[in-house]
Each structure stands twice: as C-alpha cells, then as structure tokens.
Amino acid sequence: MKQKHGTNAYDVVVLGAGISGLTVAHSLARAGRRVFLAEATNRTGGVFRSDKVDGYLLERGPNSFTCSPVVDELLREIGLLKRAIRRPLRDYDRFVYKNGRLHQVPTGPLDLLRTDCLTTRGKVKLISGLLRANTPPRSDLSLGEYFRPRIGDEAVDTLLRPFIAGVYAADADRLSFEASLPRLYNPATTHSRLIGAVRAMLRERRASAPTPTKGKNSRKALVSFPNGLEEFPRRLTRIIRKHGVDMELGRTFRIAGKQGETWELKDEDGNSVHAGKVVLAMPAGQTARALELIVPEVTEVLDGIRYAGLTVVHSGVSAWDVRAREKGFGFLNAQLPGEWHANPSARVRALGMIWSDQLFPGRAPTGMGL
Ligand SMILES: Cc1cc2nc3c(=O)[nH]c(=O)nc-3n(C[C@H](O)[C@H](O)[C@H](O)COP(=O)(O)OP(=O)(O)OC[C@H]3O[C@@H](n4cnc5c(N)ncnc54)[C@H](O)[C@@H]3O)c2cc1C
C-alpha cells in the first residue's frame with residue numbers, strides 16, 4: 001500500500017471520492033493536512049458521470065448545479081472558473097405537466113395571478129394561506145402535513161409535490177419538512193404566518209451568504225462545463241493528487257478501532273491505515289458498514305434510511321420535435337392518479353424532463369434535441 005512520509009498515519013482519512021469526499025480532501029490538503037482518500041470503485045466522481053455517445057453529451061447523474069460564491073471560489077482555485085458555462089435561472093421558463101399539457105410555473109406574485117396552472121380557487125387558497133396565521137409546528141412533520149392545511153391541496157399537488165419529486169425523487173407527503181427544507185423549517189416553527197417564515201428565511205439566507213461575487217457571475221445561475229459536469233470531479237482529482245493527497249481506488253475500509261487519539265481503519269485484505277480524524281463521504285448503507293465494528297448500534301438507523309431509486313433516460317429528438325417544443329428548462333410531472341385513472345394512456349411515467357440541449361451548448365448534434 002502506498003505510504004506517505006514512510007508511514008501509513010495521516011491527519012485525516014476520507015472514505016468516498018464522490019464530489020463530497022473530493023472537496024473535503026481538497027480543502028484539507030490546502031490547509032496543510034496529510035490526507036488519505038479511499039474510493040471503493042475504480043473511478044472518482046461518485047454519481048457524476050458525463051458520457052459522449054453518438055454526438056450527444058449524456059449526464060447520467062447530476063446535470064448542473066446552482067452557482068454560489070463558495071463554489072466559484074473552489075472553481076477558481078482548481079482552474080475551472082473560466083470553463084464554467086453559466087445559464088441565468090431567470091432566463092429559463094419551467095413548466096408543470098397536468099391535464100394533458102404543459103403550464104408555465106409562476107416565478108413571482110404577478111405571474112401567480114396570471115398563471116393557468118392553478119384555478120382561481122387554488123390561487124385564492126395559496127395566497128390566503130401565505131397570509132393567514134396558524135399554530136407553528138412544535139416538531140418535525142411531513143411537507144404535506146405542513147403545507148396542505150396552509151396553501152391547499154391544489155398548490156401542493158401542482159407546485160410543491162412535483163418540485164420535491166424533481167429534487168429528491170421523493171413524496172412530499174412522506175418527506176420530513178425539517179430535513180428537506182431546513183432553512184424554511186426553522187423560521188416556520190416560530191412564525192405563525194407562512195409569509196413571515198418565508199421572509200425570515202430570505203433574510204437569513206442574505207445575511208449568511210459570503211461576500212457576493214461581482215459582475216457577470218453574480219446572477220443566480222445553473223452551471224456546467226463544455227465536456228459535462230464530470231469535468232468538475234476529474235479536475236478536483238488531478239489537483240488533489242498534485243497537492244499530495246494519497247488516493248487509492250478500488251479499496252473499501254472499515255473503522256477497526258481507536259487507540260488514544262488515533263483511529264485504525266482496515267481494508268478487506270487486513271491492510272491498515274491510521275488517522276486522527278475520519279470523514280465518511282458515502283451513502284448511508286456503506287457508512288453503516290464502515291462503522292459497524294465500532295458502533296454497531298448506528299447501523300440499524302443508517303440502514304433504515306431509504307434511498308429512492310431513479311432511472312435516467314436520455315432521448316435524442318428530431319429537429320421537428322425540437323421546433324415543436326416549448327423553450328425553457330424542462331417540466332415536472334404534476335399529474336395526479338385521478339387524471340390517469342380516467343385515461344391510463346395519458347399517464348406520463350416520469351418525474352419530469354430536462355431539455356438539456358436548451359440549457360448548455362454541445363449536448364446534441366446540430367438541429368437535434370436531448
Ligand atoms: C441521477 C441524479 C441526478 C442528480 N441531479 C442533480 C443536479 O442536477 N444538481 C445537483 O445539484 N444535484 C443533483 N443530484 C444530487 C448530487 O449528484 C449528489 O447529491 C452528489 O453528487 C452526492 O455526492 P456525494 O459525494 O455525497 O455522494 P456519491 O456521489 O454517492 O459518492 C460517494 C462515493 O463513495 C464511494 N463509496 C461507497 N462506499 C464506499 C466505501 N466503503 N469506501 C470508499 N468509498 C465508498 C462511492 O463509490 C462513491 O464514489 C443528482 C443525483 C442523481 C443520482
């Protein structure tokens with residue numbers, strides 16, 4: 001096993017070389033820590049994966065991320081800032097699919113009055129729900145339990161439920177409010193009006209944001225790179241190797257014990273590595289396996305965290321279909337069972353669709369769509 005400074009002792013061992021493990025390893029190495037990064041598979045990047053197939057650039061995992069000053073700083077440090085392609089969020093319309101067609105999602109108060117994605121009754125319920133006083137929740141509840149009595153079923157099913165399904169691939173009626181929207185949950189426990197909680201969240205977000213980036217990078221934007229999002233972990237991998245991080249692929253470690261202030265980790269072949277700190281940057285099930293020798297009681301809790309399965313389907317569409325399509329980011333599926341029970345063939349069996357070729361250049365051959 002490769003050893004740094006003639007020893008297998010490190011300041012920090014990081015398990016998992018997805019984007020989380022890579023960024024942690026990068027900032028620790030920059031701070032002068034001796035770092036060992038172990039990855040179970042034979043590639044870094046975790047779920048980030050960009051493949052070129054028949055002239056299309058396919059994102060098999062994440063498609064883009066939202067820019068922020070912190071991420072911009074990281075991109076600058078690793079020399080990727082100039083390669084970042086930014087797409088201002090407000091330039092892209094978003095749609096929901098219901099009642100057999102696409103409806104543009106409102107993005108401001110005026111849009112809300114004009115939108116055809118909610119009935120007048122739905123709009124009144126939503127607006128009055130924002131303003132009406134209610135008892136704040138005393139403990140965590142599902143998003144549905146919090147929002148349905150406030151803004152009404154129609155707004156939840158048309159706007160919130162598809163949004164939550166699009167982000168978490170999860171059901172808003174079962175997902176924890178605190179875990180999924182913590183920045184809103186905290187003020188919601190003290191404000192009786194939803195509008196008050198939303199305002200407090202926005203104030204807190206502005207106050208906690210680092211110094212904003214100036215100029216053309218300052219607008220809220222989606223970011224990717226010419227060769228896809230995987231450029232990000234690939235570049236990070238190169239840079240952290242240059243910074244002296246020891247990295248091993250195809251290795252799975254478990255924490256075997258602690259002597260004094262030092263953790264001992266062992267791989268499948270019994271090789272050990274020692275560190276003052278261990279960072280676990282892997283999914284819950286694998287984290288349970290890494291911890292089961294030293295804290296078996298947490299394995300049941302971690303194994304109980306359910307992950308939603310998700311299939312990404314790429315479809316190349318003809319120039320004719322591209323012309324017929326709306327312009328924007330894509331759509332989320334707001335169909336309710338009632339809609340497709342009446343007409344099963346109208347059922348859209350997808351959480352939604354991203355119109356990748358409209359977001360970033362080079363995603364599809366000329367004239368075609370993705
Ligand atoms: C299909 C899809 C689309 C998404 N779209 C977006 C998007 O558009 N925008 C966005 O912001 N987010 C998106 N996300 C979410 C985002 O991609 C993830 O939150 C993020 O990439 C998770 O990174 P991670 O490093 O925490 O985990 P992972 O990427 O899961 O990495 C964990 C790593 O740990 C490794 N590992 C596992 N067990 C061990 C072990 N025992 N020892 C060592 N290594 C181990 C794994 O092999 C893996 O490389 C999407 C996610 C998916 C799946």
# chains A, B, ... in the order shown; residues from 1 in each chain; ligands from 1
$ residues_near_ligand --ligand "ligand 1" --cutoff "9 Å" --atoms "only C-alpha atoms and all ligand atoms" --output "VMD selection string"
chain A and resid 14 to 23 37 to 48 59 to 66 166 to 168 222 249 to 254 280 to 287 289 to 290 309 to 312
$ select_by_dssp --residues "region 22-234 of chain A" --states "strand (DSSP E)" --output "VMD selection string"
chain A and resid 35 to 39 50 to 53 56 to 59 65 to 66 85 to 88 94 to 98 101 to 104 221 to 224
$ closest_residue --among "A:Arg363, A:Gly152, A:Pro162, A:Cys117" --to "Gly100 (chain A)" --atoms "only C-alpha atoms"
A:Cys117
$ residues_around --residues "Phe95 (chain A)" --least-positions-apart "6" --cutoff "12 Å" --atoms "only C-alpha atoms" --output "PyMOL selection string"
chain A and resi 101-107+115-117+158-159+162-163+325-334+352-355
$ residues_around --residues "His26 (chain A)" --least-positions-apart "3" --cutoff "10 Å" --atoms "only C-alpha atoms" --output "list of chain:residue names"
A:Ser20, A:Gly21, A:Leu22, A:Thr23, A:Ala29, A:Arg30, A:Ala31, A:Arg33, A:Val35, A:Leu74, A:Glu77, A:Ile78, A:Leu236, A:Thr237, A:Ile239, A:Ile240, A:Arg241, A:His243, A:Gly244, A:Val245
$ atom_distance --atom1 "CA of Leu89 (chain A)" --atom2 "CA of Asp54 (chain A)"
28.8 Å
$ residues_around --residues "region 124-134 of chain A" --least-positions-apart "5" --cutoff "6 Å" --atoms "only C-alpha atoms" --output "list of chain:residue names"
A:Arg150, A:Ile151, A:Gly152, A:Ser192, A:Arg193, A:Leu194, A:Ile195
$ closest_residue --among "A:Ala172, A:Leu141, A:Val278, A:Leu112" --to "Asp153 (chain A)" --atoms "only C-alpha atoms"
A:Ala172
$ closest_residue --among "A:Met368, A:Leu175, A:Ala200, A:Leu336" --to "Ile305 (chain A)" --atoms "only C-alpha atoms"
A:Leu175
$ select_by_dssp --residues "region 36-210 of chain A" --states "helix (DSSP H, G or I)" --output "MDAnalysis selection string"
chainID A and resid 69:77 81:83 89:91 109:114 120:131 143:151 153:168 177:180 182:188 194:208
$ closest_residue --among "A:Ala25, A:Ala170, A:Leu81, A:Leu351" --to "Pro226 (chain A)" --atoms "only C-alpha atoms"
A:Leu81
$ closest_residue --among "A:Phe360, A:Trp263, A:Trp340, A:Phe225" --to "Lys82 (chain A)" --atoms "only C-alpha atoms"
A:Phe225
$ atom_distance --atom1 "CA of Arg347 (chain A)" --atom2 "CA of Tyr97 (chain A)"
10.6 Å
$ atom_distance --atom1 "CA of Val279 (chain A)" --atom2 "CA of Ala165 (chain A)"
29.2 Å
